[in-house]
$ cat protein17.cif   # mmCIF, C-alpha atoms
data_upload
#
loop_
_atom_site.label_atom_id
_atom_site.label_comp_id
_atom_site.auth_asym_id
_atom_site.auth_seq_id
_atom_site.Cartn_x
_atom_site.Cartn_y
_atom_site.Cartn_z
CA MET H 1 27.77 -104.04 -37.17
CA ASN H 2 25.55 -101.75 -39.23
CA ASN H 3 27.72 -99.17 -40.97
CA PRO H 4 25.45 -96.42 -42.38
CA TYR H 5 28.45 -94.70 -43.99
CA SER H 6 29.49 -97.70 -46.08
CA SER H 7 27.72 -96.46 -49.21
CA PHE H 8 29.94 -93.36 -49.09
CA GLY H 9 33.09 -95.48 -49.00
CA VAL H 10 33.80 -95.67 -45.25
CA SER H 11 35.11 -99.12 -44.33
CA ASP H 12 33.69 -101.17 -41.48
CA ALA H 13 37.07 -101.03 -39.76
CA THR H 14 37.15 -97.23 -39.69
CA TYR H 15 33.50 -97.05 -38.64
CA LYS H 16 34.23 -99.44 -35.78
CA VAL H 17 37.11 -97.27 -34.55
CA ALA H 18 34.92 -94.17 -34.82
CA SER H 19 32.09 -95.84 -32.91
CA GLU H 20 34.43 -96.72 -30.07
CA LEU H 21 35.21 -93.02 -29.52
CA LYS H 22 31.79 -92.35 -27.99
CA GLU H 23 32.82 -92.94 -24.40
CA SER H 24 35.96 -90.79 -24.60
CA ILE H 25 34.07 -87.77 -25.98
CA SER H 26 30.83 -88.16 -24.01
CA GLY H 27 31.90 -85.57 -21.45
CA ALA H 28 32.68 -83.02 -24.15
CA TYR H 29 29.34 -83.72 -25.82
CA GLN H 30 27.54 -83.17 -22.52
CA ARG H 31 29.21 -79.77 -22.12
CA VAL H 32 28.00 -78.81 -25.58
CA ASP H 33 24.45 -79.90 -24.74
CA ASP H 34 24.42 -77.93 -21.49
CA ILE H 35 25.65 -74.75 -23.17
CA CYS H 36 23.18 -75.21 -26.02
CA SER H 37 20.26 -75.46 -23.59
CA ARG H 38 21.24 -72.28 -21.74
CA ASN H 39 21.75 -70.35 -24.96
CA GLN H 40 18.54 -71.61 -26.54
CA LEU H 41 16.49 -70.48 -23.56
CA LYS H 42 18.24 -67.09 -23.55
CA VAL H 43 17.36 -66.63 -27.22
CA LEU H 44 13.75 -67.73 -26.65
CA ARG H 45 13.36 -65.26 -23.79
CA ALA H 46 14.71 -62.41 -25.95
CA PHE H 47 12.18 -63.21 -28.70
CA GLN H 48 9.35 -63.22 -26.19
CA ASN H 49 10.50 -60.00 -24.53
CA ALA H 50 10.53 -58.26 -27.93
CA ARG H 51 6.93 -59.40 -28.60
CA LEU H 52 7.93 -60.51 -32.09
CA SER H 53 4.96 -61.07 -34.38
CA GLU H 54 4.30 -62.10 -37.97
CA VAL H 55 3.56 -58.46 -38.75
CA HIS H 56 7.29 -57.85 -38.36
CA PHE H 57 8.11 -60.13 -41.32
CA GLY H 58 7.06 -57.63 -44.00
CA PHE H 59 8.99 -56.31 -46.99
CA PRO H 60 10.26 -52.77 -46.32
CA THR H 61 12.04 -51.17 -49.28
CA GLY H 62 13.74 -47.94 -50.26
CA TYR H 63 15.23 -46.02 -47.38
CA GLY H 64 13.87 -48.43 -44.79
CA TYR H 65 12.47 -45.75 -42.48
CA ASP H 66 10.17 -47.15 -39.79
CA ASP H 67 11.16 -50.76 -40.47
CA VAL H 68 9.45 -52.12 -37.37
CA GLY H 69 10.61 -55.68 -38.01
CA ARG H 70 14.23 -54.58 -38.20
CA GLU H 71 13.79 -52.68 -34.93
CA LYS H 72 12.48 -55.81 -33.22
CA LEU H 73 15.37 -57.88 -34.54
CA GLU H 74 17.87 -55.35 -33.26
CA GLN H 75 16.18 -55.37 -29.86
CA ILE H 76 16.52 -59.16 -29.78
CA TYR H 77 20.18 -59.10 -30.86
CA ALA H 78 20.99 -56.51 -28.21
CA GLU H 79 19.47 -58.65 -25.47
CA VAL H 80 20.97 -61.94 -26.65
CA PHE H 81 24.47 -60.49 -26.99
CA GLY H 82 24.33 -58.32 -23.88
CA GLY H 83 24.52 -54.83 -25.39
CA GLU H 84 22.55 -51.62 -25.06
CA SER H 85 21.87 -51.52 -28.77
CA SER H 86 22.54 -53.41 -31.97
CA TYR H 87 22.86 -52.82 -35.70
CA VAL H 88 21.82 -55.83 -37.82
CA ARG H 89 21.77 -55.42 -41.58
CA VAL H 90 21.55 -57.79 -44.51
CA GLN H 91 23.65 -55.23 -46.42
CA ILE H 92 26.75 -56.18 -44.38
CA SER H 93 28.26 -59.00 -46.42
CA SER H 94 31.09 -60.33 -44.24
CA GLY H 95 32.61 -60.39 -40.80
CA THR H 96 35.52 -58.32 -42.10
CA GLN H 97 33.09 -55.63 -43.22
CA ALA H 98 31.40 -55.62 -39.80
CA ILE H 99 34.70 -55.31 -37.92
CA ALA H 100 36.01 -52.70 -40.36
CA ALA H 101 32.83 -50.67 -39.88
CA CYS H 102 33.49 -50.66 -36.14
CA LEU H 103 37.06 -49.48 -36.62
CA TYR H 104 36.14 -46.70 -39.05
CA GLY H 105 33.14 -45.71 -36.95
CA VAL H 106 35.09 -45.33 -33.70
CA LEU H 107 38.60 -44.25 -34.74
CA ARG H 108 39.58 -40.80 -35.97
CA PRO H 109 42.80 -39.43 -37.54
CA GLY H 110 45.55 -39.30 -34.92
CA ASP H 111 44.06 -42.13 -32.85
CA ASP H 112 45.91 -45.37 -32.16
CA MET H 113 44.55 -48.90 -31.88
CA ILE H 114 46.09 -51.97 -30.29
CA CYS H 115 45.38 -55.59 -31.14
CA ALA H 116 45.70 -57.54 -27.88
CA THR H 117 45.82 -60.91 -29.67
CA GLY H 118 48.82 -60.45 -31.94
CA LEU H 119 48.54 -60.02 -35.69
CA PRO H 120 44.88 -59.82 -36.80
CA TYR H 121 43.25 -62.01 -39.42
CA ASP H 122 44.63 -61.53 -42.95
CA THR H 123 41.76 -59.48 -44.35
CA LEU H 124 41.86 -57.11 -41.37
CA CYS H 125 45.57 -56.54 -41.98
CA THR H 126 44.58 -55.02 -45.31
CA VAL H 127 41.93 -52.88 -43.62
CA ILE H 128 44.50 -51.59 -41.13
CA GLY H 129 47.15 -51.09 -43.82
CA LEU H 130 49.73 -53.65 -42.71
CA LYS H 131 50.23 -55.30 -46.08
CA ALA H 132 53.53 -54.79 -47.88
CA ASP H 133 51.72 -53.81 -51.08
CA ASP H 134 49.94 -50.66 -49.94
CA ALA H 135 48.60 -50.15 -53.44
CA LYS H 136 46.00 -52.76 -52.55
CA SER H 137 45.09 -50.99 -49.31
CA ASN H 138 43.09 -48.10 -50.73
CA GLY H 139 41.38 -46.32 -47.87
CA SER H 140 43.13 -48.28 -45.12
CA LEU H 141 43.25 -46.93 -41.57
CA ARG H 142 46.91 -46.18 -42.09
CA GLU H 143 46.02 -43.73 -44.86
CA PHE H 144 43.84 -41.88 -42.33
CA ASP H 145 46.80 -41.51 -39.93
CA ILE H 146 45.47 -44.10 -37.50
CA GLY H 147 48.27 -45.89 -35.69
CA PHE H 148 48.45 -49.61 -34.99
CA SER H 149 50.42 -51.85 -32.65
CA GLN H 150 50.03 -55.42 -31.54
CA VAL H 151 50.78 -57.31 -28.35
CA GLU H 152 51.54 -60.99 -28.72
CA LEU H 153 49.74 -63.55 -26.63
CA LYS H 154 51.62 -65.30 -23.84
CA THR H 155 52.98 -68.77 -24.43
CA ASP H 156 49.95 -70.33 -22.72
CA GLY H 157 47.60 -68.60 -25.18
CA SER H 158 46.29 -65.99 -22.75
CA VAL H 159 46.35 -62.24 -23.30
CA ASP H 160 49.50 -60.52 -22.08
CA ILE H 161 47.50 -58.10 -19.95
CA GLU H 162 50.55 -56.37 -18.53
CA GLY H 163 51.90 -55.91 -22.06
CA VAL H 164 48.60 -54.48 -23.30
CA LEU H 165 48.34 -52.04 -20.39
CA HIS H 166 51.94 -50.95 -20.98
CA ALA H 167 51.21 -50.37 -24.67
CA ILE H 168 48.25 -48.06 -24.04
CA THR H 169 49.11 -44.38 -24.45
CA PRO H 170 47.03 -41.19 -24.35
CA LYS H 171 46.49 -41.65 -28.12
CA THR H 172 45.05 -45.16 -27.74
CA LYS H 173 41.36 -45.11 -28.61
CA LEU H 174 40.58 -48.79 -29.16
CA VAL H 175 41.78 -52.25 -28.14
CA LEU H 176 40.83 -55.08 -30.51
CA ILE H 177 40.47 -58.65 -29.27
CA GLN H 178 40.12 -61.36 -31.89
CA LYS H 179 38.44 -64.33 -30.23
CA SER H 180 39.08 -66.91 -32.95
CA LYS H 181 42.59 -67.74 -34.08
CA GLY H 182 42.21 -67.15 -37.82
CA TYR H 183 45.06 -68.64 -39.87
CA SER H 184 47.36 -68.99 -36.88
CA THR H 185 48.41 -71.77 -34.54
CA ARG H 186 47.35 -70.07 -31.32
CA PRO H 187 44.38 -71.34 -29.29
CA CYS H 188 41.06 -69.55 -29.42
CA LEU H 189 40.34 -67.26 -26.48
CA ASN H 190 37.62 -68.51 -24.17
CA SER H 191 35.30 -66.33 -22.10
CA ALA H 192 37.39 -66.50 -18.94
CA LEU H 193 40.53 -65.26 -20.72
CA MET H 194 38.62 -62.52 -22.52
CA ALA H 195 36.90 -61.39 -19.32
CA ASP H 196 40.25 -60.93 -17.54
CA ALA H 197 41.64 -58.86 -20.40
CA ILE H 198 38.53 -56.71 -20.82
CA ARG H 199 38.20 -56.05 -17.09
CA SER H 200 41.86 -55.06 -16.77
CA VAL H 201 41.71 -52.58 -19.66
CA LYS H 202 38.39 -51.01 -18.63
CA THR H 203 39.42 -50.69 -14.97
CA LEU H 204 42.52 -48.62 -15.71
CA HIS H 205 41.40 -47.04 -19.00
CA PRO H 206 37.61 -46.71 -18.96
CA ASP H 207 37.62 -44.41 -22.00
CA VAL H 208 39.42 -46.93 -24.22
CA VAL H 209 36.95 -48.82 -26.40
CA VAL H 210 37.26 -52.62 -26.28
CA LEU H 211 36.07 -54.25 -29.51
CA VAL H 212 35.78 -58.04 -29.85
CA ASP H 213 35.84 -59.76 -33.22
CA ASN H 214 33.28 -62.43 -32.32
CA CYS H 215 33.34 -64.34 -35.64
CA TYR H 216 33.09 -68.13 -35.18
CA GLY H 217 32.53 -67.72 -31.42
CA GLU H 218 28.82 -67.02 -31.04
CA PHE H 219 26.91 -69.52 -28.86
CA VAL H 220 29.97 -71.71 -28.36
CA GLU H 221 29.94 -70.54 -24.74
CA ASP H 222 27.10 -69.23 -22.60
CA GLN H 223 28.39 -65.66 -22.36
CA GLU H 224 29.07 -63.22 -25.20
CA PRO H 225 31.73 -60.46 -25.20
CA CYS H 226 29.45 -57.55 -24.21
CA GLU H 227 28.21 -59.61 -21.27
CA LEU H 228 31.87 -59.78 -20.23
CA GLY H 229 32.30 -56.01 -20.39
CA ALA H 230 33.30 -55.35 -24.00
CA ASP H 231 32.07 -52.08 -25.50
CA LEU H 232 31.41 -53.60 -28.92
CA CYS H 233 31.33 -57.00 -30.58
CA ALA H 234 30.63 -57.84 -34.18
CA GLY H 235 30.27 -60.75 -36.54
CA SER H 236 28.68 -62.23 -39.64
CA LEU H 237 25.22 -63.73 -40.18
CA ILE H 238 26.63 -66.36 -42.53
CA LYS H 239 28.55 -67.69 -39.57
CA ASN H 240 27.12 -68.89 -36.25
CA PRO H 241 24.24 -66.47 -35.53
CA GLY H 242 22.63 -66.94 -38.96
CA GLY H 243 21.82 -70.54 -38.12
CA GLY H 244 22.83 -71.70 -41.59
CA ILE H 245 19.88 -70.06 -43.34
CA CYS H 246 20.80 -66.35 -43.57
CA PRO H 247 21.93 -65.54 -47.13
CA SER H 248 23.96 -62.51 -46.02
CA GLY H 249 24.27 -59.98 -43.22
CA GLY H 250 26.25 -58.84 -40.22
CA TYR H 251 25.73 -57.49 -36.74
CA ILE H 252 27.28 -55.01 -34.33
CA VAL H 253 26.23 -55.02 -30.65
CA GLY H 254 27.31 -52.84 -27.76
CA ARG H 255 27.14 -49.35 -26.27
CA ALA H 256 24.37 -47.38 -27.93
CA ASP H 257 26.51 -44.36 -28.79
CA LEU H 258 29.22 -46.50 -30.37
CA VAL H 259 26.74 -48.60 -32.33
CA GLU H 260 25.27 -45.41 -33.79
CA LYS H 261 28.75 -44.19 -34.78
CA VAL H 262 29.29 -47.45 -36.64
CA ALA H 263 25.90 -47.14 -38.33
CA SER H 264 26.78 -43.59 -39.41
CA HIS H 265 29.90 -44.93 -41.11
CA VAL H 266 27.99 -47.69 -42.91
CA THR H 267 25.29 -45.28 -44.15
CA ALA H 268 26.09 -41.58 -43.70
CA PRO H 269 26.31 -39.05 -40.87
CA GLY H 270 22.80 -37.90 -40.05
CA LEU H 271 21.27 -41.10 -41.42
CA GLY H 272 22.94 -43.69 -39.21
CA SER H 273 20.75 -46.62 -38.18
CA HIS H 274 17.54 -44.99 -39.44
CA VAL H 275 18.03 -46.24 -43.00
CA GLY H 276 18.68 -49.64 -44.49
CA PRO H 277 15.62 -51.68 -45.53
CA SER H 278 15.40 -55.31 -44.47
CA LEU H 279 13.95 -56.24 -47.89
CA GLY H 280 11.88 -59.12 -46.56
CA PHE H 281 14.76 -60.88 -44.80
CA ASN H 282 13.52 -60.25 -41.25
CA ARG H 283 11.89 -63.68 -41.01
CA ILE H 284 15.01 -65.51 -42.16
CA ILE H 285 17.31 -63.48 -39.90
CA ALA H 286 15.01 -64.10 -36.93
CA GLN H 287 14.60 -67.79 -37.64
CA GLY H 288 18.33 -68.20 -38.19
CA LEU H 289 19.09 -66.64 -34.82
CA TYR H 290 16.47 -68.84 -33.17
CA LEU H 291 18.04 -71.99 -34.66
CA ALA H 292 21.62 -70.87 -34.05
CA PRO H 293 22.29 -72.42 -30.61
CA HIS H 294 21.36 -75.88 -31.88
CA ILE H 295 23.16 -75.48 -35.21
CA VAL H 296 26.31 -74.38 -33.36
CA SER H 297 26.02 -77.41 -31.08
CA GLU H 298 25.90 -79.71 -34.13
CA SER H 299 29.01 -78.01 -35.48
CA MET H 300 30.76 -78.39 -32.13
CA LYS H 301 29.94 -82.08 -31.86
CA GLY H 302 31.27 -82.64 -35.36
CA ALA H 303 34.51 -80.84 -34.50
CA ILE H 304 34.96 -82.80 -31.27
CA PHE H 305 34.42 -86.10 -33.09
CA ALA H 306 36.79 -85.11 -35.90
CA SER H 307 39.49 -84.08 -33.45
CA ALA H 308 39.20 -87.36 -31.52
CA LEU H 309 39.34 -89.42 -34.72
CA PHE H 310 42.30 -87.50 -36.18
CA GLU H 311 44.16 -87.91 -32.88
CA LYS H 312 43.43 -91.63 -32.94
CA PHE H 313 45.00 -91.88 -36.37
CA GLY H 314 48.11 -89.90 -35.44
CA PHE H 315 47.33 -86.43 -36.80
CA SER H 316 48.10 -83.25 -34.83
CA CYS H 317 44.95 -81.30 -33.98
CA ALA H 318 43.98 -78.12 -32.16
CA PRO H 319 42.00 -77.92 -30.04
CA ALA H 320 42.22 -81.45 -28.70
CA SER H 321 38.99 -83.40 -28.42
CA THR H 322 38.78 -82.85 -24.65
CA ASP H 323 39.79 -79.16 -24.62
CA LEU H 324 37.41 -76.36 -23.70
CA ARG H 325 36.46 -74.50 -26.87
CA GLY H 326 35.74 -70.87 -27.65
CA ASP H 327 34.93 -71.16 -31.36
CA ILE H 328 33.83 -73.68 -33.98
CA VAL H 329 37.20 -73.95 -35.72
CA GLN H 330 39.11 -77.23 -35.75
CA SER H 331 42.63 -77.18 -37.18
CA VAL H 332 44.57 -80.19 -38.44
CA GLN H 333 48.26 -80.07 -39.32
CA PHE H 334 49.68 -81.89 -42.34
CA GLU H 335 53.16 -82.45 -43.71
CA ASN H 336 52.92 -80.72 -47.08
CA ALA H 337 50.76 -78.75 -49.50
CA GLU H 338 49.60 -81.88 -51.29
CA GLN H 339 47.98 -83.22 -48.11
CA VAL H 340 46.27 -79.89 -47.46
CA ILE H 341 44.79 -79.99 -50.94
CA ALA H 342 43.77 -83.66 -50.62
CA PHE H 343 41.97 -83.03 -47.34
CA CYS H 344 40.01 -80.11 -48.75
CA LYS H 345 38.98 -82.22 -51.74
CA ILE H 346 37.59 -84.86 -49.36
CA VAL H 347 35.57 -82.25 -47.47
CA GLN H 348 34.22 -80.88 -50.75
CA ALA H 349 33.21 -84.36 -51.90
CA SER H 350 31.32 -84.86 -48.60
CA SER H 351 29.11 -81.83 -49.18
CA PRO H 352 25.43 -81.57 -50.16
CA VAL H 353 26.18 -78.85 -52.74
CA ASP H 354 28.88 -79.02 -55.43
CA ALA H 355 30.15 -82.37 -54.18
CA PHE H 356 31.35 -83.04 -57.74
CA VAL H 357 33.54 -79.92 -57.80
CA THR H 358 37.30 -80.07 -57.21
CA PRO H 359 38.68 -77.15 -55.17
CA GLU H 360 42.06 -75.73 -56.17
CA PRO H 361 44.38 -73.18 -54.50
CA TRP H 362 44.05 -69.61 -55.77
CA PRO H 363 45.31 -66.08 -54.89
CA MET H 364 42.33 -65.06 -52.75
CA PRO H 365 42.05 -61.27 -52.17
CA GLY H 366 43.32 -60.19 -48.76
CA TYR H 367 45.76 -63.09 -48.23
CA ASP H 368 49.53 -63.26 -48.71
CA SER H 369 49.61 -66.77 -50.20
CA ASP H 370 47.40 -69.01 -52.29
CA VAL H 371 44.45 -70.35 -50.34
CA ILE H 372 42.36 -73.46 -50.93
CA MET H 373 38.75 -73.45 -49.81
CA ALA H 374 36.37 -76.40 -49.73
CA ALA H 375 32.80 -75.26 -49.23
CA GLY H 376 29.89 -77.19 -50.67
CA THR H 377 27.46 -74.82 -48.99
CA PHE H 378 23.95 -73.56 -49.62
CA THR H 379 25.20 -69.99 -49.00
CA GLN H 380 28.45 -68.85 -50.59
CA GLY H 381 31.13 -68.42 -47.92
CA SER H 382 28.94 -69.72 -45.12
CA SER H 383 31.30 -71.07 -42.46
CA ILE H 384 28.61 -72.38 -40.13
CA GLU H 385 28.12 -74.93 -42.91
CA LEU H 386 30.93 -77.47 -43.16
CA SER H 387 33.94 -75.99 -44.89
CA ALA H 388 37.70 -76.40 -44.80
CA ASP H 389 40.36 -73.99 -45.94
CA GLY H 390 43.95 -73.09 -45.43
CA PRO H 391 46.87 -71.14 -46.86
CA ILE H 392 49.28 -73.12 -49.00
CA LYS H 393 52.30 -72.46 -46.82
CA SER H 394 54.07 -73.89 -43.79
CA PRO H 395 53.02 -75.13 -41.23
CA TYR H 396 50.37 -76.59 -43.60
CA MET H 397 47.37 -76.19 -41.38
CA VAL H 398 43.83 -76.82 -42.53
CA TYR H 399 41.04 -75.04 -40.69
CA MET H 400 37.78 -76.97 -40.67
CA GLN H 401 34.67 -75.33 -39.31
CA GLY H 402 30.92 -75.62 -39.28
CA GLY H 403 28.52 -78.40 -40.04
CA LEU H 404 24.74 -77.97 -40.02
CA VAL H 405 24.52 -81.67 -39.17
CA SER H 406 27.24 -83.57 -37.36
CA GLU H 407 26.82 -86.62 -39.62
CA GLN H 408 28.39 -84.73 -42.53
CA VAL H 409 31.41 -83.78 -40.42
CA LYS H 410 31.78 -87.40 -39.29
CA LEU H 411 31.66 -88.61 -42.88
CA ALA H 412 34.38 -86.20 -44.00
CA ALA H 413 36.59 -87.07 -41.02
CA MET H 414 36.30 -90.83 -41.55
CA LEU H 415 37.02 -90.57 -45.27
CA ALA H 416 40.02 -88.36 -44.53
CA VAL H 417 41.74 -90.73 -42.11
CA GLU H 418 41.18 -93.60 -44.54
CA ARG H 419 42.37 -91.90 -47.69
CA MET H 420 45.28 -89.92 -46.28
CA GLY H 421 47.29 -92.75 -44.82
CA GLY H 422 46.44 -92.30 -41.18
CA ARG H 423 47.51 -95.06 -38.82
CA ILE H 424 46.05 -95.75 -35.42
CA ALA H 425 48.40 -94.20 -32.86
#
$ encode --input "protein17.cif" --output "structure tokens"
Amino acid sequence: MNNPYSSFGVSDATYKVASELKESISGAYQRVDDICSRNQLKVLRAFQNARLSEVHFGFPTGYGYDDVGREKLEQIYAEVFGGESSYVRVQISSGTQAIAACLYGVLRPGDDMICATGLPYDTLCTVIGLKADDAKSNGSLREFDIGFSQVELKTDGSVDIEGVLHAITPKTKLVLIQKSKGYSTRPCLNSALMADAIRSVKTLHPDVVVLVDNCYGEFVEDQEPCELGADLCAGSLIKNPGGGICPSGGYIVGRADLVEKVASHVTAPGLGSHVGPSLGFNRIIAQGLYLAPHIVSESMKGAIFASALFEKFGFSCAPASTDLRGDIVQSVQFENAEQVIAFCKIVQASSPVDAFVTPEPWPMPGYDSDVIMAAGTFTQGSSIELSADGPIKSPYMVYMQGGLVSEQVKLAAMLAVERMGGRIA
């Protein structure tokens, strides 16, 4: 048996067990390949329809008026993600910023919003003003008299549609759906579950804006939120749609009037989407989007393999290796903080960048406990590259995501089961 991972410290015995998983995960791999093919062709068609040319890869500066390359990119994003319009800017530095821009762009004092998927991700809680220490919530929605309520998911992980509809009042302006689970134990929402929720809200309350936080979910399935009826969706270019090569950026896609409201918040009323130079990044943003379906498929295959291997060695994982997936996140549950830290150190040591660095927990802004983050990435914070992170608190979950190449994910998973005392179940 030829073990190509032996030089990294993976034993022949572990490699043999890993190799024997191929048959059990072949069906899941085939699903990933089928979705990748459909998404890749959709992206290719959008590029062709936009008549993208090398002339669009220039270096606009200053205000960015008449940035023809940026206009082409936004046409492509709108088609790929199923919206009337899009706003794609390298100046948006995170998914939280993109989602926050949507909230501030759409909501006005006296409006209410509902999160249909329970408590939002930690950093959005600060944006909304849900943190106990409001001194750290300067400019939160709460300070602008914008109300918030949440509806918990049902026990099977689906949206409590009846509960959401009951919670909507004449003051409700927006319903937020967070596709990925964030630092929670719930399953990710898939397209079918999202479609049911969106359709139910829009049928009875057509004027209520449905916004989907699409972070970690792009190209995992063959339909995006706006194709399912959402009014807006948003995400980060250092996650899935950046293809692992975008150095920064975010996107908002959806109804043209709403997208322009968001743009007016990011820039200024009267300026909106007309300003914001692409600064020579159009080529990288375009190429990243073009590569994204295949990069996401590599990440998915790595996650499926890791889940199957962890299960084999007795660890609790979500989703399971054979489950349908809606995002690139793979969670693994451990017994204590020490194991969480050890796992993240293994992931860091399996990276192409900063493999010699030792990650440690720290009080990361926007979170209510110390967080450890392993990310030996080419782009800081890029979660389409292999990373692992988790809050240092019960139930001691680590959230692993990304992987530009599945071999790196496989290496980290095999080293983890060997070094953390896993036993074949």
$ resolve_selection --input "protein17.cif" --expression "the PyMOL selection byres ((chain H and resi 227-240) around 7)" --output "ChimeraX atom specification"
/H:81-82,94-95,98-99,195,198-199,209-216,218,223-226,241-244,246-255,292,296,382-384
$ closest_atom_pairs --input "protein17.cif" --of "range 63-87 of chain H" --to "range 272-287 of chain H" --cutoff "6 Å" --atoms "all atoms listed in the file" --output "tab-separated table"
residue	atom	partner	partner_atom	distance
H:Tyr63	CA	H:Val275	CA	5.2
H:Gly64	CA	H:Pro277	CA	3.8
H:Tyr65	CA	H:Val275	CA	5.6
$ resolve_selection --input "protein17.cif" --expression "the PyMOL selection byres ((chain H and resi 186) around 10)" --output "ChimeraX atom specification"
/H:117-118,153-158,180-185,187-189,318-319
$ residues_around --input "protein17.cif" --residues "range 335-352 of chain H" --least-positions-apart "4" --cutoff "10 Å" --atoms "all atoms listed in the file" --output "PyMOL selection string"
chain H and resi 8+315+356-361+371-378+385-400+403+408-417+419-420
$ resolve_selection --input "protein17.cif" --expression "the PyMOL selection byres ((chain H and resi 265) around 12)" --output "NGL selection string"
:H and (87 or 97-108 or 258-264 or 266-273)
$ closest_residue --input "protein17.cif" --among "H:Leu204, H:Val159, H:Leu124, H:Asp111" --to "Asp145 in chain H" --atoms "only C-alpha atoms"
H:Asp111
$ atom_distance --input "protein17.cif" --atom1 "CA of Asp196 in chain H" --atom2 "CA of Val175 in chain H"
13.8 Å
$ atom_distance --input "protein17.cif" --atom1 "CA of His166 in chain H" --atom2 "CA of Ala197 in chain H"
13.0 Å
$ decode --input "protein17.cif" --residues "range 56-68 of chain H" --atoms "C-alpha atoms" --output "PDB file, in the first residue's frame"
ATOM      1  CA  HIS H  56     -13.028  45.259 -18.314  1.00  0.00           C
ATOM      2  CA  PHE H  57      -9.957  44.380 -16.217  1.00  0.00           C
ATOM      3  CA  GLY H  58      -8.647  47.948 -15.980  1.00  0.00           C
ATOM      4  CA  PHE H  59      -7.712  49.999 -12.925  1.00  0.00           C
ATOM      5  CA  PRO H  60     -10.448  52.555 -12.137  1.00  0.00           C
ATOM      6  CA  THR H  61      -9.619  54.868  -9.233  1.00  0.00           C
ATOM      7  CA  GLY H  62     -11.088  57.783  -7.314  1.00  0.00           C
ATOM      8  CA  TYR H  63     -14.852  57.913  -7.315  1.00  0.00           C
ATOM      9  CA  GLY H  64     -15.171  54.956  -9.666  1.00  0.00           C
ATOM     10  CA  TYR H  65     -17.695  56.591 -11.982  1.00  0.00           C
ATOM     11  CA  ASP H  66     -18.204  54.672 -15.239  1.00  0.00           C
ATOM     12  CA  ASP H  67     -16.334  51.594 -13.994  1.00  0.00           C
ATOM     13  CA  VAL H  68     -17.415  49.412 -16.907  1.00  0.00           C
TER      14      VAL H  68
END
